[in-house]
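Undergrad: File follows, run03.txt with compact mmCIF, C-alpha atoms and all ligand atoms:
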# COMPACT_ATOMS: atom_id res chain seq x y z
CA MET X 1 128.47 293.99 -3.56
CA LEU X 2 129.08 293.25 -7.22
CA ARG X 3 126.65 290.70 -8.67
CA LEU X 4 128.54 288.11 -10.70
CA GLY X 5 127.57 285.51 -13.26
CA VAL X 6 130.28 282.95 -13.93
CA LEU X 7 130.33 280.83 -17.09
CA VAL X 8 132.23 277.55 -16.99
CA SER X 9 132.75 274.38 -19.02
CA GLY X 10 135.03 272.18 -16.96
CA ARG X 11 137.18 271.83 -13.89
CA GLY X 12 136.33 275.22 -12.41
CA SER X 13 139.56 275.96 -10.56
CA ASN X 14 139.28 279.63 -11.55
CA LEU X 15 135.69 279.64 -10.31
CA GLN X 16 137.06 278.20 -7.07
CA ALA X 17 139.61 281.01 -6.84
CA ILE X 18 136.78 283.55 -7.04
CA ILE X 19 134.73 281.64 -4.45
CA ASP X 20 137.75 281.53 -2.13
CA GLY X 21 138.37 285.25 -2.63
CA ILE X 22 134.75 286.01 -1.74
CA GLU X 23 134.78 283.71 1.30
CA ALA X 24 138.03 285.28 2.49
CA ARG X 25 136.35 288.72 2.06
CA LYS X 26 139.02 289.84 -0.38
CA VAL X 27 136.53 290.00 -3.21
CA ASP X 28 133.52 292.16 -2.54
CA ALA X 29 131.15 290.30 -4.83
CA ARG X 30 128.47 287.69 -4.82
CA ILE X 31 128.09 284.91 -7.36
CA ARG X 32 124.42 285.05 -8.30
CA VAL X 33 124.63 282.19 -10.76
CA VAL X 34 127.08 279.83 -12.41
CA ILE X 35 126.15 278.63 -15.88
CA SER X 36 127.80 275.60 -17.43
CA ASP X 37 127.40 274.47 -21.03
CA ASN X 38 128.61 271.05 -19.89
CA PRO X 39 126.41 268.99 -17.54
CA LYS X 40 129.44 266.99 -16.38
CA ALA X 41 131.62 269.95 -15.48
CA TYR X 42 133.39 269.49 -12.14
CA ALA X 43 132.68 273.19 -11.57
CA LEU X 44 129.07 272.16 -10.84
CA ASP X 45 130.23 270.03 -7.88
CA ARG X 46 132.05 273.04 -6.51
CA CYS X 47 128.79 275.02 -6.70
CA LYS X 48 126.95 272.37 -4.71
CA ARG X 49 129.63 272.37 -2.06
CA HIS X 50 129.42 276.15 -1.69
CA ARG X 51 125.63 276.39 -2.17
CA ILE X 52 125.96 278.53 -5.26
CA PRO X 53 123.03 278.39 -7.71
CA ALA X 54 124.10 276.66 -10.91
CA ARG X 55 122.39 276.04 -14.23
CA VAL X 56 123.26 273.94 -17.23
CA VAL X 57 122.60 275.39 -20.67
CA SER X 58 123.71 273.00 -23.42
CA ARG X 59 124.45 274.32 -26.86
CA GLU X 60 122.87 271.29 -28.52
CA ASP X 61 119.48 272.14 -27.01
CA PHE X 62 119.29 275.23 -29.22
CA PRO X 63 118.94 275.50 -32.99
CA SER X 64 121.36 278.43 -33.25
CA ARG X 65 124.15 280.10 -31.32
CA GLU X 66 121.98 283.21 -31.02
CA GLU X 67 119.23 281.31 -29.22
CA PHE X 68 121.76 279.61 -26.97
CA GLU X 69 123.20 283.01 -26.09
CA ARG X 70 119.78 284.56 -25.55
CA ARG X 71 118.97 281.85 -23.02
CA ILE X 72 122.14 282.56 -21.07
CA VAL X 73 121.51 286.31 -21.24
CA SER X 74 118.01 285.86 -19.88
CA ILE X 75 119.28 283.91 -16.87
CA LEU X 76 121.98 286.50 -16.18
CA LYS X 77 119.46 289.35 -16.47
CA GLU X 78 117.02 287.57 -14.18
CA GLU X 79 119.81 287.46 -11.60
CA GLU X 80 120.65 291.12 -12.24
CA VAL X 81 124.25 290.21 -12.99
CA GLU X 82 126.60 293.19 -13.33
CA LEU X 83 129.80 291.42 -14.37
CA VAL X 84 130.09 288.21 -16.38
CA VAL X 85 133.22 286.14 -15.79
CA LEU X 86 134.27 283.48 -18.30
CA ALA X 87 136.24 281.02 -16.19
CA GLY X 88 137.26 278.24 -18.53
CA PHE X 89 134.14 278.67 -20.68
CA MET X 90 134.99 276.92 -23.93
CA ARG X 91 132.62 278.69 -26.32
CA ILE X 92 132.92 281.85 -28.31
CA LEU X 93 130.30 284.49 -27.54
CA GLY X 94 128.89 286.68 -30.27
CA ARG X 95 127.22 290.05 -30.52
CA THR X 96 123.86 288.75 -29.28
CA PHE X 97 125.49 288.15 -25.93
CA LEU X 98 128.16 290.84 -25.76
CA SER X 99 125.89 293.76 -26.68
CA GLU X 100 123.90 293.04 -23.51
CA PHE X 101 126.95 293.52 -21.27
CA PRO X 102 129.18 296.15 -22.87
CA ASN X 103 132.69 296.01 -21.34
CA ARG X 104 131.27 293.82 -18.59
CA VAL X 105 132.37 290.39 -19.77
CA ILE X 106 135.87 289.26 -18.77
CA ASN X 107 137.89 286.17 -19.60
CA ILE X 108 141.02 284.47 -18.28
CA HIS X 109 143.44 283.18 -20.91
CA PRO X 110 146.61 281.17 -20.18
CA ALA X 111 149.02 283.23 -22.29
CA LEU X 112 150.19 286.81 -22.68
CA ILE X 113 147.76 287.86 -25.39
CA PRO X 114 148.03 288.55 -28.29
CA ALA X 115 150.51 285.62 -28.16
CA PHE X 116 149.02 282.13 -28.23
CA GLN X 117 145.37 283.09 -28.52
CA GLY X 118 142.95 280.19 -28.85
CA LEU X 119 143.30 276.60 -27.68
CA HIS X 120 146.35 274.84 -26.20
CA ALA X 121 148.14 278.08 -25.40
CA GLN X 122 150.53 276.46 -22.92
CA ARG X 123 151.51 273.61 -25.26
CA ARG X 124 152.08 276.08 -28.08
CA ALA X 125 154.28 278.27 -25.83
CA VAL X 126 156.48 275.23 -25.02
CA GLU X 127 156.66 274.16 -28.67
CA PHE X 128 157.45 277.67 -29.83
CA GLY X 129 160.30 277.91 -27.36
CA ALA X 130 158.96 281.07 -25.68
CA LYS X 131 160.97 282.10 -22.61
CA ILE X 132 158.18 284.04 -20.97
CA THR X 133 154.50 283.37 -21.23
CA GLY X 134 151.81 283.87 -18.64
CA CYS X 135 148.16 284.66 -18.31
CA SER X 136 145.82 287.52 -19.10
CA VAL X 137 142.49 288.78 -17.89
CA HIS X 138 140.83 290.73 -20.65
CA ILE X 139 137.54 292.25 -21.63
CA VAL X 140 135.75 290.02 -24.10
CA ASP X 141 134.99 291.35 -27.54
CA GLU X 142 134.12 289.48 -30.71
CA SER X 143 137.69 288.36 -31.33
CA VAL X 144 138.99 285.13 -29.83
CA ASP X 145 141.07 286.00 -26.75
CA GLY X 146 141.80 289.40 -28.23
CA GLY X 147 139.88 292.01 -26.23
CA PRO X 148 141.37 294.84 -24.15
CA VAL X 149 143.79 293.60 -21.46
CA ILE X 150 143.09 294.38 -17.81
CA VAL X 151 146.01 292.57 -16.19
CA GLN X 152 148.71 290.10 -17.21
CA ALA X 153 151.13 287.98 -15.20
CA ALA X 154 154.42 286.87 -16.75
CA VAL X 155 155.48 283.29 -16.07
CA PRO X 156 158.90 281.92 -17.07
CA VAL X 157 159.16 278.88 -19.32
CA LEU X 158 161.87 276.51 -18.06
CA PRO X 159 164.00 274.32 -20.34
CA GLU X 160 162.56 271.13 -18.83
CA ASP X 161 158.93 272.27 -19.01
CA THR X 162 156.18 270.12 -20.47
CA GLU X 163 152.69 271.34 -21.26
CA GLY X 164 151.62 270.04 -17.86
CA THR X 165 154.31 271.64 -15.70
CA LEU X 166 153.95 274.95 -17.50
CA SER X 167 150.14 274.87 -17.23
CA ASP X 168 150.41 274.30 -13.47
CA ARG X 169 152.80 277.22 -13.03
CA ILE X 170 150.56 279.52 -15.07
CA LEU X 171 147.42 278.34 -13.28
CA LYS X 172 148.74 279.57 -9.92
CA PHE X 173 148.84 283.07 -11.38
CA GLU X 174 145.45 282.72 -13.07
CA HIS X 175 144.05 282.10 -9.60
CA ARG X 176 145.51 285.39 -8.43
CA ILE X 177 144.85 287.74 -11.32
CA LEU X 178 141.25 286.71 -11.94
CA PRO X 179 139.92 287.42 -8.41
CA GLN X 180 142.01 290.59 -8.40
CA ALA X 181 140.40 291.78 -11.63
CA VAL X 182 136.94 291.02 -10.24
CA GLN X 183 137.79 293.04 -7.14
CA TRP X 184 138.92 295.97 -9.29
CA PHE X 185 135.50 295.93 -10.94
CA ALA X 186 133.85 295.68 -7.52
CA GLU X 187 135.77 298.78 -6.46
CA GLY X 188 134.74 300.60 -9.64
CA ARG X 189 138.37 301.16 -10.64
CA VAL X 190 138.33 299.73 -14.17
CA ARG X 191 138.18 302.33 -16.94
CA VAL X 192 138.09 301.24 -20.58
CA GLU X 193 139.27 303.68 -23.22
CA GLY X 194 139.07 301.99 -26.59
CA ARG X 195 141.63 299.18 -26.47
CA ARG X 196 143.26 300.43 -23.31
CA VAL X 197 142.15 299.55 -19.83
CA ILE X 198 143.31 301.60 -16.88
CA VAL X 199 142.96 300.37 -13.32
CA GLU X 200 142.68 303.56 -11.30
CA GLY X 201 145.23 303.75 -8.51
CA ALA X 202 147.03 300.51 -9.48
CA ARG X 203 150.83 300.37 -9.38
CA TYR X 204 152.34 299.72 -12.80
CA GLY X 205 155.90 298.99 -13.78
CA THR X 206 157.59 295.74 -12.64
CA LEU X 207 159.59 294.22 -15.48
CA PRO X 208 160.42 290.47 -15.63
CA VAL X 209 163.23 289.08 -17.79
CA ASN X 210 163.86 285.36 -18.30
CA PRO X 211 166.56 283.98 -18.34
CA GLU X 212 168.07 286.45 -15.88
CA LEU X 213 170.47 288.99 -17.37
CA GLU X 214 174.07 288.68 -16.22
CA LYS X 215 176.36 291.49 -17.33
CA PHE X 216 173.61 293.91 -18.26
C1 LIG J 301 142.30 277.85 -17.63
O1 LIG J 301 143.62 277.55 -18.00
C2 LIG J 301 141.84 279.10 -18.32
O2 LIG J 301 142.87 280.04 -18.49
C3 LIG J 301 141.38 278.60 -19.65
O3 LIG J 301 140.77 277.36 -19.37
C4 LIG J 301 141.32 276.81 -18.18
C5 LIG J 301 140.17 276.60 -17.26
O4 LIG J 301 140.54 275.98 -16.05
N1 LIG J 301 140.53 279.58 -20.29
P1 LIG J 301 139.49 275.90 -14.85
O5 LIG J 301 138.22 275.27 -15.40
O6 LIG J 301 139.27 277.28 -14.32
O7 LIG J 301 140.15 275.01 -13.83
Kindly return the structure encoded in the file as structure tokens.

TA:
Amino acid sequence: MLRLGVLVSGRGSNLQAIIDGIEARKVDARIRVVISDNPKAYALDRCKRHRIPARVVSREDFPSREEFERRIVSILKEEEVELVVLAGFMRILGRTFLSEFPNRVINIHPALIPAFQGLHAQRRAVEFGAKITGCSVHIVDESVDGGPVIVQAAVPVLPEDTEGTLSDRILKFEHRILPQAVQWFAEGRVRVEGRRVIVEGARYGTLPVNPELEKF
């Protein structure tokens, strides 16, 4: 069983998707600890409800980002965490953290990276007039939402979409691709070769187009 550490800052619906996957025995993992940088995160209530150990580590309690990161690393190491999942964790992690878990930190981002990296990805997709956006699970490196992609789901943008309606449609897919990616790690099927990630035995090749093509 893969030992997970999940980092959160807010609502925790992606955390919930992992919890549900584990409880439904679709994800062969155990959440050893959830760490929130925000004491008010709703994700912490979810932990209580599911009896998952949770800790709060606030950035402002540390004089530097390095010390903040070292504290989180020490908790994760204590719990012998094998995969770190950023599930709506709103801080950028640096080398101090990442060098401790090479290729073992993953993040969910609500866009098809490298499009709309950073904050407000859904709003920016609507404003840009994109016709397809989506979500990505990727390995975290020192770039912001730019590490090697494990899996992406394409989500159509509809003419009447607002930031809210689009976010909801994307979120449904976030809740599917994140637990799936965790399960691929649990099965030992994720191979990273430079920027390219191969999921051994996965089926590749479905191609979405939006709007639908008519004569072609
Ligand atoms: C999600 O949209 C995720 O892609 C982004 O932050 C949001 C977190 O939502 N990184 P939740 O806390 O998992 O509900």

Undergrad: I'd like to know which of X:Ala54, X:Cys135, X:Leu7, X:Leu158 is closest to Leu93 (chain X), using only C-alpha atoms.

TA: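 Between X:Ala54, X:Cys135, X:Leu7, X:Leu158, the residue approaching Leu93 (chain X) most closely is X:Leu7.
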
Undergrad: One decimal, Å: what's the distance from CA of Ala43 (chain X) over to CA of Pro156 (chain X), could you say?

TA: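 Separation of CA of Ala43 (chain X) and CA of Pro156 (chain X): 28.2 Å.
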
Undergrad: Compile a residue-level contact table for chain X against ligand LIG 301 (chain J) at a cut-off of 7 Å, reporting for every qualifying residue the shortest atom pair and its distance in Å to one decimal, with all atoms listed in the file counted, rows ordered by chain and ascending number, as CSV.

TA:
residue,atom,partner,partner_atom,distance
X:Val8,CA,J:LIG301,O5,6.6
X:Ser9,CA,J:LIG301,O5,6.6
X:Gly10,CA,J:LIG301,O5,4.7
X:Arg11,CA,J:LIG301,O5,3.9
X:Gly12,CA,J:LIG301,O5,3.5
X:Ser13,CA,J:LIG301,O7,3.5
X:Asn14,CA,J:LIG301,O6,3.6
X:Leu15,CA,J:LIG301,O6,5.9
X:Ala87,CA,J:LIG301,O6,5.2
X:Gly88,CA,J:LIG301,C5,3.6
X:Phe89,CA,J:LIG301,N1,6.5
X:Ile108,CA,J:LIG301,O2,4.8
X:His109,CA,J:LIG301,O2,4.0
X:Pro110,CA,J:LIG301,O2,4.3
X:Leu171,CA,J:LIG301,O1,6.1
X:Glu174,CA,J:LIG301,O2,6.6

Undergrad: Between CA of Pro208 (chain X) and CA of Lys172 (chain X), what distance in Å does the model show, to one decimal?

TA: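 Taking CA of Pro208 (chain X) and CA of Lys172 (chain X), their separation equals 17.0 Å.
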
Undergrad: Using all atoms listed in the file - which residues lie no farther than 12 Å from the point (130.8, 295.2, -22.2) in the file's frame? Write them as a ChimeraX atom specification.

TA: /X:82-85,93-107,138-142,147-148,190-192,194

Undergrad: When you draw a straight line from CA of Ile132 (chain X) to CA of Val155 (chain X), how long is it in Å?

TA: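 Straight-line distance from CA of Ile132 (chain X) to CA of Val155 (chain X) works out to 5.6 Å.
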
Undergrad: Hey, what's within 8 Å of Ala186 (chain X) if we count only C-alpha atoms and toss same-chain stuff fewer than 6 positions away? As a VMD selection string, please?

TA: chain X and resid 1 to 2 27 to 29

Undergrad: I need the residue nearest Gln180 (chain X) from this list: X:Ser74, X:Val137, X:Glu214, X:Ser167. Use all atoms listed in the file for the distance.

TA: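 Looking only at the distances to Gln180 (chain X), the closest residue turns out to be X:Val137.
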
Undergrad: Env of Ala125 (chain X): 10 Å cut, atoms = all atoms listed in the file, seq-sep filter 2 positions within chain, self excluded. Answer as a PyMOL selection string.

TA: chain X and resi 110-112+115-116+120-123+127-134+157+162-163+166

Undergrad: Hey, which of X:Ala181, X:Glu193, X:Val56, X:Ile75 ends up closest to Lys40 (chain X)? Count all atoms listed in the file.

TA: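 Residue with the minimum atom-to-atom distance to Lys40 (chain X): X:Val56.
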
Undergrad: For Gly164 (chain X), which of X:Ile198, X:Val33, X:Leu44, X:Val126 is the closest residue, counting only C-alpha atoms?

TA: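 Checking each of X:Ile198, X:Val33, X:Leu44, X:Val126 against Gly164 (chain X), counting only C-alpha atoms, the winner is X:Val126.
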
Undergrad: I'd like the contact shell of Gln117 (chain X) - 7 Å cut-off, all atoms listed in the file, skipping same-chain residues fewer than 3 positions apart - returned as a VMD selection string.

TA: chain X and resid 113 to 114 121 144 to 145

Undergrad: Draw an axis-aligned box tight on the listed atoms of region 191-199 of chain X, then pad every side by 5 Å and write out centre and edge lengths in Å to one decimal as JSON.

TA:
{"center_x": 140.7, "center_y": 301.4, "center_z": -20.0, "size_x": 15.2, "size_y": 14.5, "size_z": 23.3}

Undergrad: Pick out the closest residue to Ala154 (chain X) from this set: X:Arg32, X:Gly188, X:Leu207, X:His175. Count all atoms listed in the file.

TA: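 Counting all atoms listed in the file, the residue closest to Ala154 (chain X) is X:Leu207.
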
Undergrad: Using all atoms listed in the file, which residue out of X:Glu160, X:Ala17, X:Gln152, X:Gly118 lies closest to Gly205 (chain X)?

TA: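 Under the stated criterion, the closest residue is X:Gln152.
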